[in-house]
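Trainee: So here's final.txt (compact mmCIF, C-alpha atoms and all ligand atoms).
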# COMPACT_ATOMS: atom_id res chain seq x y z
CA MET A 791 77.91 89.78 91.42
CA LEU A 792 79.82 86.86 89.91
CA VAL A 793 77.53 86.66 86.89
CA GLN A 794 77.86 90.38 86.34
CA ALA A 795 81.64 90.24 86.56
CA SER A 796 81.96 87.46 83.99
CA THR A 797 79.62 89.20 81.52
CA GLN A 798 81.74 92.30 81.96
CA ASP A 799 84.90 90.31 81.22
CA LEU A 800 83.47 89.05 77.93
CA SER A 801 82.21 92.45 76.86
CA ARG A 802 85.53 94.17 77.40
CA PRO A 803 86.99 95.10 74.04
CA ALA A 804 90.43 94.02 72.90
CA ARG A 805 93.35 96.22 73.90
CA HIS A 806 93.91 99.44 72.05
CA ARG A 807 96.83 99.24 69.67
CA SER A 808 98.31 102.65 70.36
CA ALA A 809 98.09 102.28 74.15
CA ALA A 810 101.37 101.95 76.04
CA SER A 811 102.57 99.54 78.69
CA VAL A 812 103.85 100.62 82.11
CA GLU A 813 106.35 98.30 83.75
CA ILE A 814 107.36 98.96 87.31
CA GLU A 815 110.52 97.10 88.19
CA ALA A 816 111.88 96.54 91.70
CA LEU A 817 110.87 100.01 92.91
CA SER A 818 111.91 101.01 96.44
CA LYS A 819 111.38 104.21 98.40
CA VAL A 820 112.55 104.79 101.96
CA TYR A 821 111.56 107.66 104.27
CA GLY A 822 114.07 107.72 107.14
CA ASP A 823 114.06 104.09 108.20
CA PHE A 824 110.51 103.46 106.92
CA ARG A 825 110.11 101.47 103.73
CA ALA A 826 107.17 103.04 101.88
CA LEU A 827 107.91 100.93 98.77
CA ASP A 828 109.74 97.67 99.15
CA ASP A 829 110.86 96.11 95.87
CA VAL A 830 107.60 96.65 93.99
CA SER A 831 107.24 95.16 90.53
CA LEU A 832 104.10 95.49 88.47
CA ALA A 833 103.58 95.19 84.73
CA VAL A 834 100.54 96.97 83.31
CA GLU A 835 99.62 95.95 79.78
CA PRO A 836 98.74 98.46 77.08
CA GLY A 837 95.15 99.58 77.59
CA GLU A 838 94.79 97.68 80.85
CA PHE A 839 93.00 99.01 83.94
CA VAL A 840 94.87 98.02 87.11
CA ALA A 841 93.64 98.95 90.57
CA ILE A 842 96.14 99.33 93.40
CA LEU A 843 94.33 98.20 96.52
CA GLY A 844 95.54 98.18 100.09
CA PRO A 845 94.96 99.55 103.57
CA SER A 846 95.94 103.07 104.53
CA GLY A 847 99.72 103.48 104.69
CA SER A 848 100.49 100.46 102.48
CA GLY A 849 102.29 102.62 99.91
CA LYS A 850 99.63 103.02 97.21
CA SER A 851 99.98 106.79 96.78
CA THR A 852 103.77 106.61 96.95
CA LEU A 853 103.71 104.10 94.09
CA LEU A 854 101.36 106.24 91.99
CA MET A 855 103.33 109.43 92.67
CA ALA A 856 106.49 107.65 91.55
CA VAL A 857 104.81 106.67 88.28
CA ALA A 858 103.48 110.22 87.87
CA GLY A 859 106.98 111.61 88.44
CA PHE A 860 106.26 113.57 91.63
CA ILE A 861 108.42 111.24 93.72
CA ARG A 862 111.85 109.95 92.78
CA PRO A 863 112.26 106.34 93.93
CA ASP A 864 115.53 105.28 95.61
CA ARG A 865 115.83 102.22 93.45
CA GLY A 866 114.16 100.50 90.52
CA ARG A 867 112.92 101.38 87.04
CA ILE A 868 109.66 102.54 85.50
CA LEU A 869 109.39 101.58 81.86
CA PHE A 870 106.89 103.40 79.67
CA GLY A 871 106.47 101.73 76.30
CA GLY A 872 109.79 100.00 77.05
CA GLU A 873 111.76 103.15 77.98
CA ASP A 874 113.00 104.00 81.47
CA ILE A 875 111.35 107.24 82.60
CA VAL A 876 112.52 107.36 86.23
CA ARG A 877 114.58 110.50 85.55
CA LEU A 878 111.97 112.16 83.35
CA PRO A 879 110.18 115.08 85.11
CA ALA A 880 106.42 114.76 85.63
CA ASN A 881 105.49 117.35 83.01
CA LYS A 882 107.53 115.50 80.36
CA ARG A 883 105.76 112.19 81.02
CA GLY A 884 102.45 113.48 79.73
CA PHE A 885 100.32 111.30 81.96
CA GLY A 886 96.77 112.27 82.91
CA VAL A 887 96.32 112.53 86.66
CA VAL A 888 93.27 112.74 88.89
CA PHE A 889 94.31 113.02 92.51
CA GLN A 890 92.20 113.63 95.55
CA ASN A 891 94.10 116.84 96.25
CA TYR A 892 94.76 117.84 92.66
CA ALA A 893 92.29 120.70 92.79
CA LEU A 894 90.51 122.45 89.95
CA PHE A 895 91.15 126.15 89.44
CA PRO A 896 88.27 127.75 91.36
CA HIS A 897 88.55 131.14 89.60
CA MET A 898 88.18 129.66 86.10
CA ASP A 899 85.02 128.29 84.55
CA VAL A 900 84.66 124.64 83.57
CA LEU A 901 85.80 125.10 79.98
CA ALA A 902 88.91 127.03 81.02
CA ASN A 903 89.78 124.31 83.53
CA VAL A 904 89.42 121.54 80.99
CA SER A 905 91.21 123.34 78.17
CA PHE A 906 94.09 124.37 80.47
CA PRO A 907 96.36 121.36 79.74
CA LEU A 908 95.99 122.07 76.01
CA ARG A 909 96.76 125.80 76.39
CA VAL A 910 99.89 124.86 78.40
CA ARG A 911 100.89 122.65 75.46
CA GLY A 912 100.52 125.57 73.08
CA VAL A 913 97.24 124.56 71.45
CA ALA A 914 95.39 127.57 69.99
CA GLN A 915 92.36 128.78 71.94
CA ASP A 916 89.68 127.73 69.41
CA GLU A 917 91.08 124.25 68.99
CA ALA A 918 91.61 123.90 72.75
CA GLN A 919 88.01 124.84 73.44
CA ARG A 920 86.71 122.47 70.79
CA ARG A 921 88.63 119.57 72.31
CA ALA A 922 87.68 120.59 75.85
CA ASN A 923 84.03 120.51 74.82
CA GLN A 924 84.56 117.03 73.41
CA ALA A 925 86.12 115.89 76.69
CA LEU A 926 83.17 117.38 78.61
CA ASP A 927 80.87 115.43 76.32
CA VAL A 928 82.76 112.21 77.16
CA VAL A 929 82.30 112.76 80.93
CA LYS A 930 78.62 113.63 80.41
CA LEU A 931 79.00 117.34 81.14
CA ALA A 932 78.12 118.70 77.69
CA GLY A 933 76.82 122.25 78.06
CA TYR A 934 78.54 122.89 81.42
CA GLY A 935 81.50 124.81 79.98
CA ALA A 936 80.43 128.23 81.22
CA ARG A 937 79.64 127.11 84.77
CA GLN A 938 81.80 128.18 87.67
CA ILE A 939 83.52 125.39 89.62
CA GLY A 940 81.89 126.57 92.85
CA ALA A 941 78.46 125.97 91.34
CA LEU A 942 79.11 122.26 90.72
CA SER A 943 78.36 119.25 92.90
CA GLY A 944 81.15 116.96 94.11
CA GLY A 945 80.41 114.40 91.41
CA GLN A 946 80.41 117.05 88.68
CA ARG A 947 83.75 118.41 89.91
CA GLN A 948 85.30 114.97 89.71
CA ARG A 949 83.96 114.66 86.16
CA VAL A 950 85.61 118.01 85.32
CA ALA A 951 88.86 116.72 86.83
CA LEU A 952 88.52 113.59 84.69
CA ALA A 953 87.85 115.65 81.56
CA ARG A 954 90.93 117.75 82.30
CA ALA A 955 93.00 114.58 82.72
CA ILE A 956 91.93 113.04 79.40
CA VAL A 957 91.63 116.16 77.22
CA PHE A 958 95.18 115.91 75.87
CA GLU A 959 94.73 112.19 75.10
CA PRO A 960 97.34 110.89 77.50
CA LYS A 961 98.64 107.36 76.99
CA VAL A 962 98.46 106.73 80.73
CA LEU A 963 95.84 107.79 83.27
CA LEU A 964 96.70 107.82 86.99
CA MET A 965 93.98 108.18 89.61
CA ASP A 966 94.39 108.28 93.39
CA GLU A 967 91.15 107.71 95.31
CA PRO A 968 89.27 110.05 92.96
CA LEU A 969 85.87 109.12 94.38
CA SER A 970 86.60 108.95 98.10
CA ALA A 971 84.96 112.32 98.84
CA LEU A 972 81.66 111.29 97.23
CA ASP A 973 78.73 109.58 98.92
CA LYS A 974 78.12 105.88 98.32
CA THR A 975 75.46 106.11 95.61
CA LEU A 976 77.36 108.64 93.54
CA ARG A 977 80.62 106.75 94.08
CA GLU A 978 79.09 103.54 92.72
CA GLN A 979 77.64 105.38 89.73
CA MET A 980 80.99 107.04 88.99
CA GLN A 981 82.80 103.69 89.24
CA ILE A 982 80.67 102.37 86.39
CA GLU A 983 81.14 105.61 84.43
CA ILE A 984 84.92 105.55 84.82
CA ARG A 985 84.93 101.93 83.67
CA GLU A 986 82.79 102.80 80.64
CA LEU A 987 85.05 105.72 79.87
CA HIS A 988 88.02 103.38 79.98
CA ASP A 989 86.32 100.88 77.67
CA LYS A 990 85.74 103.70 75.21
CA LEU A 991 89.19 105.35 75.35
CA GLN A 992 91.34 102.32 76.27
CA ILE A 993 93.89 104.41 78.16
CA THR A 994 96.34 102.39 80.26
CA THR A 995 95.13 103.15 83.78
CA LEU A 996 96.45 102.84 87.33
CA TYR A 997 93.77 103.50 89.92
CA VAL A 998 94.44 103.68 93.66
CA THR A 999 91.72 102.76 96.14
CA HIS A 1000 91.42 101.35 99.65
CA ASP A 1001 87.90 100.11 98.85
CA GLN A 1002 87.94 96.44 97.83
CA ARG A 1003 84.48 96.59 96.29
CA GLU A 1004 85.48 99.55 94.16
CA ALA A 1005 88.58 97.68 92.97
CA LEU A 1006 86.52 94.57 92.12
CA THR A 1007 83.99 96.71 90.22
CA ILE A 1008 86.37 98.79 88.18
CA ALA A 1009 89.57 96.91 87.33
CA ASP A 1010 90.84 94.28 84.90
CA ARG A 1011 93.41 93.27 87.50
CA ILE A 1012 94.05 94.28 91.08
CA ALA A 1013 97.44 94.70 92.74
CA VAL A 1014 96.99 94.19 96.47
CA MET A 1015 99.54 96.09 98.57
CA ASP A 1016 100.59 95.47 102.15
CA LYS A 1017 103.47 97.24 103.93
CA GLY A 1018 105.03 98.64 100.76
CA ARG A 1019 104.84 95.39 98.79
CA VAL A 1020 102.55 94.01 96.11
CA VAL A 1021 101.37 90.76 97.69
CA GLN A 1022 99.09 89.57 94.88
CA LEU A 1023 98.27 90.70 91.33
CA ASP A 1024 95.26 88.97 89.83
CA SER A 1025 91.89 89.39 88.17
CA PRO A 1026 89.01 90.28 90.50
CA GLN A 1027 87.54 86.78 90.33
CA GLN A 1028 90.87 85.05 90.86
CA LEU A 1029 91.67 87.32 93.81
CA TYR A 1030 88.31 86.63 95.40
CA ARG A 1031 88.33 82.87 94.88
CA ARG A 1032 92.02 82.15 95.20
CA PRO A 1033 93.60 84.60 97.64
CA ARG A 1034 97.23 83.64 98.05
CA THR A 1035 97.67 84.78 101.62
CA GLU A 1036 95.60 85.23 104.75
CA PHE A 1037 96.03 88.99 104.42
CA VAL A 1038 94.43 89.00 100.96
CA ALA A 1039 91.66 86.63 102.06
CA ARG A 1040 90.79 88.94 104.94
CA PHE A 1041 91.12 92.17 103.00
CA ILE A 1042 88.84 91.18 100.13
CA GLY A 1043 85.32 90.00 100.88
CA GLU A 1044 84.27 88.23 104.06
CA ALA A 1045 85.73 84.90 105.01
CA ALA A 1046 86.15 82.40 107.80
CA ILE A 1047 89.77 81.32 108.01
CA LEU A 1048 90.12 78.08 109.95
CA PRO A 1049 92.90 75.64 110.75
CA VAL A 1050 92.47 72.76 108.28
CA ALA A 1051 92.54 70.24 111.14
CA GLU A 1052 89.24 71.58 112.45
CA LEU A 1053 87.40 70.63 109.30
CA HIS A 1054 88.03 66.86 109.71
CA LEU A 1055 88.62 66.54 106.00
CA ALA A 1056 89.66 62.97 105.40
CA GLY A 1057 91.40 62.88 102.03
CA THR A 1058 90.59 66.39 100.89
CA VAL A 1059 93.75 68.13 102.05
CA ALA A 1060 95.87 65.39 100.54
CA ASP A 1061 93.97 66.04 97.29
CA THR A 1062 95.26 69.60 97.18
CA GLY A 1063 98.75 68.13 97.09
CA ALA A 1064 100.02 70.92 99.32
CA LYS A 1065 100.88 71.32 102.96
CA ALA A 1066 97.85 73.50 103.54
CA THR A 1067 97.40 74.58 107.13
CA MET A 1068 94.51 77.02 106.76
CA ALA A 1069 91.17 76.82 104.99
CA VAL A 1070 89.39 79.91 103.62
CA ILE A 1071 85.61 79.75 103.35
CA ARG A 1072 83.69 82.76 102.04
CA SER A 1073 80.97 83.81 104.47
CA GLU A 1074 78.30 83.48 101.77
CA ASP A 1075 79.42 79.94 100.90
CA PHE A 1076 78.13 78.47 104.16
CA ALA A 1077 74.73 76.81 103.84
CA LEU A 1078 72.27 76.20 106.66
CA THR A 1079 70.88 73.16 104.88
CA ARG A 1080 72.76 70.74 102.69
CA ASN A 1081 71.52 69.67 99.32
CA GLY A 1082 73.09 66.91 97.26
CA GLY A 1083 75.32 63.96 98.23
CA SER A 1084 76.78 64.11 101.73
CA GLY A 1085 80.22 63.18 100.41
CA ASP A 1086 80.56 66.58 98.75
CA TRP A 1087 79.81 68.51 101.90
CA VAL A 1088 81.72 69.32 105.04
CA THR A 1089 79.77 70.11 108.18
CA ILE A 1090 81.04 72.37 110.93
CA GLY A 1091 79.21 72.53 114.24
CA GLY A 1092 78.98 75.63 116.38
CA SER A 1093 76.75 77.68 118.57
CA LEU A 1094 74.87 80.75 117.39
CA ARG A 1095 76.17 83.89 119.07
CA GLY A 1096 74.17 86.51 117.18
CA ILE A 1097 71.97 87.35 114.20
CA VAL A 1098 71.94 90.74 112.43
CA PHE A 1099 69.58 91.71 109.60
CA GLN A 1100 71.46 93.80 107.01
CA GLY A 1101 68.94 94.31 104.25
CA ASP A 1102 69.96 91.97 101.44
CA SER A 1103 71.26 89.35 103.87
CA TRP A 1104 71.59 88.17 107.45
CA LEU A 1105 74.92 88.11 109.25
CA LEU A 1106 75.19 85.16 111.65
CA GLN A 1107 78.00 85.00 114.15
CA VAL A 1108 78.87 81.46 115.08
CA ASP A 1109 81.16 80.32 117.92
CA LEU A 1110 83.12 77.20 117.03
CA ALA A 1111 84.27 74.60 119.58
CA SER A 1112 87.83 75.95 119.20
CA GLY A 1113 86.68 79.30 120.60
CA GLN A 1114 86.93 81.06 117.22
CA THR A 1115 83.94 83.13 116.11
CA ILE A 1116 83.17 83.13 112.38
CA ASP A 1117 80.88 85.25 110.17
CA VAL A 1118 78.27 83.46 108.10
CA ARG A 1119 76.13 85.25 105.55
CA ALA A 1120 72.64 84.00 104.74
CA GLN A 1121 70.93 85.63 101.75
CA ARG A 1122 67.44 86.98 102.28
CA GLN A 1123 65.84 84.03 100.49
CA PHE A 1124 66.82 81.93 103.52
CA SER A 1125 64.76 84.13 105.84
CA GLY A 1126 62.62 81.13 106.72
CA GLU A 1127 65.59 79.12 108.01
CA VAL A 1128 67.03 82.15 109.80
CA ALA A 1129 63.70 82.94 111.48
CA ALA A 1130 63.69 79.44 112.99
CA LEU A 1131 67.05 80.04 114.71
CA ASN A 1132 67.52 81.16 118.31
CA VAL A 1133 70.61 82.82 119.72
CA GLY A 1134 72.53 80.36 121.89
CA GLN A 1135 71.40 77.24 120.05
CA LYS A 1136 73.64 74.64 118.40
CA ILE A 1137 73.96 75.14 114.66
CA ASP A 1138 75.41 73.07 111.81
CA LEU A 1139 77.07 74.89 108.92
CA HIS A 1140 77.57 73.10 105.62
CA VAL A 1141 80.15 73.90 102.98
CA HIS A 1142 80.57 72.30 99.59
CA ARG A 1143 84.11 70.95 99.23
CA ASP A 1144 84.63 72.94 96.01
CA ARG A 1145 84.11 76.13 97.99
CA ILE A 1146 86.95 75.48 100.41
CA HIS A 1147 90.18 77.23 99.46
CA PHE A 1148 93.41 76.15 101.10
CA LEU A 1149 96.34 78.31 102.12
P1 LIG A 1201 98.66 104.90 101.14
O1 LIG A 1201 98.42 105.76 99.94
O2 LIG A 1201 98.61 103.44 100.82
O3 LIG A 1201 97.76 105.24 102.28
P2 LIG A 1201 101.22 106.25 101.24
O4 LIG A 1201 101.91 105.81 100.01
O5 LIG A 1201 100.63 107.61 101.24
O6 LIG A 1201 100.16 105.14 101.66
O7 LIG A 1201 102.23 106.20 102.47
C1 LIG A 1201 102.89 105.01 102.84
C2 LIG A 1201 103.69 105.30 104.08
O8 LIG A 1201 104.76 106.17 103.79
C3 LIG A 1201 102.85 105.96 105.16
O9 LIG A 1201 103.09 105.31 106.39
C4 LIG A 1201 103.34 107.38 105.20
O10 LIG A 1201 103.32 107.88 106.50
C5 LIG A 1201 104.76 107.26 104.68
N1 LIG A 1201 105.12 108.48 103.92
C6 LIG A 1201 104.56 108.88 102.77
N2 LIG A 1201 105.11 110.03 102.34
C7 LIG A 1201 106.04 110.36 103.25
C8 LIG A 1201 106.97 111.47 103.38
N3 LIG A 1201 107.05 112.44 102.46
N4 LIG A 1201 107.77 111.45 104.46
C9 LIG A 1201 107.72 110.47 105.38
N5 LIG A 1201 106.88 109.42 105.32
C10 LIG A 1201 106.04 109.37 104.27
MG MG A 1202 96.99 107.31 99.61
Mind converting the file's structure to structure tokens?
Ligand code: ADP
Ligand code: MG
Mentor:
Amino acid sequence: MLVQASTQDLSRPARHRSAASVEIEALSKVYGDFRALDDVSLAVEPGEFVAILGPSGSGKSTLLMAVAGFIRPDRGRILFGGEDIVRLPANKRGFGVVFQNYALFPHMDVLANVSFPLRVRGVAQDEAQRRANQALDVVKLAGYGARQIGALSGGQRQRVALARAIVFEPKVLLMDEPLSALDKTLREQMQIEIRELHDKLQITTLYVTHDQREALTIADRIAVMDKGRVVQLDSPQQLYRRPRTEFVARFIGEAAILPVAELHLAGTVADTGAKATMAVIRSEDFALTRNGGSGDWVTIGGSLRGIVFQGDSWLLQVDLASGQTIDVRAQRQFSGEVAALNVGQKIDLHVHRDRIHFL
């Protein structure tokens, strides 16, 4: 996973010159006495792919709808290529949108659906169809133009929706959970395809998802939202390794979050130079056996509450002396060690000091 992500980073082409930036400045939106957006700021660079990630109700769709122009925020600015567009109606913004509920026209065939945005813009039929066919080619649906929407699978429909969103070469592409109706295998395949499409077209993209793995897979940077606020904006690797708050640490990946005092870390906390109170340890960073100098390792004792086999790995639940139960992940290559364990026994968990992140 980590290796793949870094290769991906290197292979990503430089930003497209004609792409535009989107700067969201201090945006707020209140429904009654509920703050759906609370002073949100977020600068998306030209050609960048930013995922907006957060639990249900955190304000992701409200933020995207405000950028699209379907919701007027109470306060704040949205700058597009440096110009404030808050008062500009949605159809004048010219952004491509793929929303969960932004349905295709069921009575038109695929080509008519995809060429529709061009026809609305006054492009002649021949030219519109030529460009729609090109867009279908880009989303790997060449030759599907004459099909009826009803005859397509869920994945193919989302590709048609994508083609319709990019056919007029928008400078900004906005997507709200476009893959959430698809099954896991297709969703993962489409994530890669959308990323490849982005690398090819370099359209500035905002992509809403509640799925942390999807966000890690697809985005250059991820804006994590909680209760109407952006709580962290970082690259996938930075977010995973250096979550800034307990909320982010819990929301992305699996982690044990322990009071620092329980780790008996002579010297180490002082080394961080901060008043850290909590330590974050990724579940997969625990080792059942230590290798290398003991000075680099911290050992935590506990008692084994349960073992679950989950295919690529084992999930161990370990009760600590404090009463806290933590999740520990052992990859399948440690099957030998795991097989030797019995529920209820004492167990020592080892963590390399470099793998401990302090909050
Ligand atoms: P998300 O997309 O992250 O799940 P939303 O942006 O859709 O969250 O909604 C954030 C919160 O704002 C939710 O609690 C929702 O109930 C509330 N909300 C959204 N739209 C409206 C509306 N038109 N009227 C009242 N409350 C709304
Ligand atoms: Mg939503």
Trainee: Set the cut-off to 9 Å, count all atoms listed in the file, and list whatever residues fall near ligand MG 1202 (chain A) as a ChimeraX atom specification.
Mentor: /A:845-852,854,890,966-967,998-1000
Trainee: Could you give me, as a PyMOL selection string, the residues within 8 Å of Gly940 (chain A), counting all atoms listed in the file and dropping anything in the same chain fewer than 2 positions from it?
Mentor: chain A and resi 896+938+942
Trainee: Around the point (84.7, 115.1, 74.1), in the coordinates given by the file, pick out the residues reaching within 12 Å, counting all atoms listed in the file, and return them as a ChimeraX atom specification.
Mentor: /A:901,904-905,918-933,935,950,952-959,987,990-991
Trainee: Between CA of Ile861 (chain A) and CA of Glu815 (chain A), what is the distance in Å, rounded to a tenth?
Mentor: 15.3 Å
Trainee: Please determine, counting only C-alpha atoms, which residue among A:Leu1078, A:Leu1131, A:Leu1149, A:Ile814 has the shortest atom-to-atom distance to Glu873 (chain A).
Mentor: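 Closest to Glu873 (chain A) of all the choices is A:Ile814.
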Trainee: Could you work out an axis-aligned box for ligand LIG 1201 (chain A), taking every atom the file lists and adding 6 Å on each side, and report centre and edge lengths in Å to one decimal, as AutoDock Vina command-line options?
Mentor:
--center_x 102.8 --center_y 107.9 --center_z 103.2 --size_x 22.0 --size_y 21.0 --size_z 18.6
Trainee: Please, what distance in Å, to one decimal, runs between CA of Lys819 (chain A) and CA of Ile842 (chain A)?
Mentor: 16.8 Å
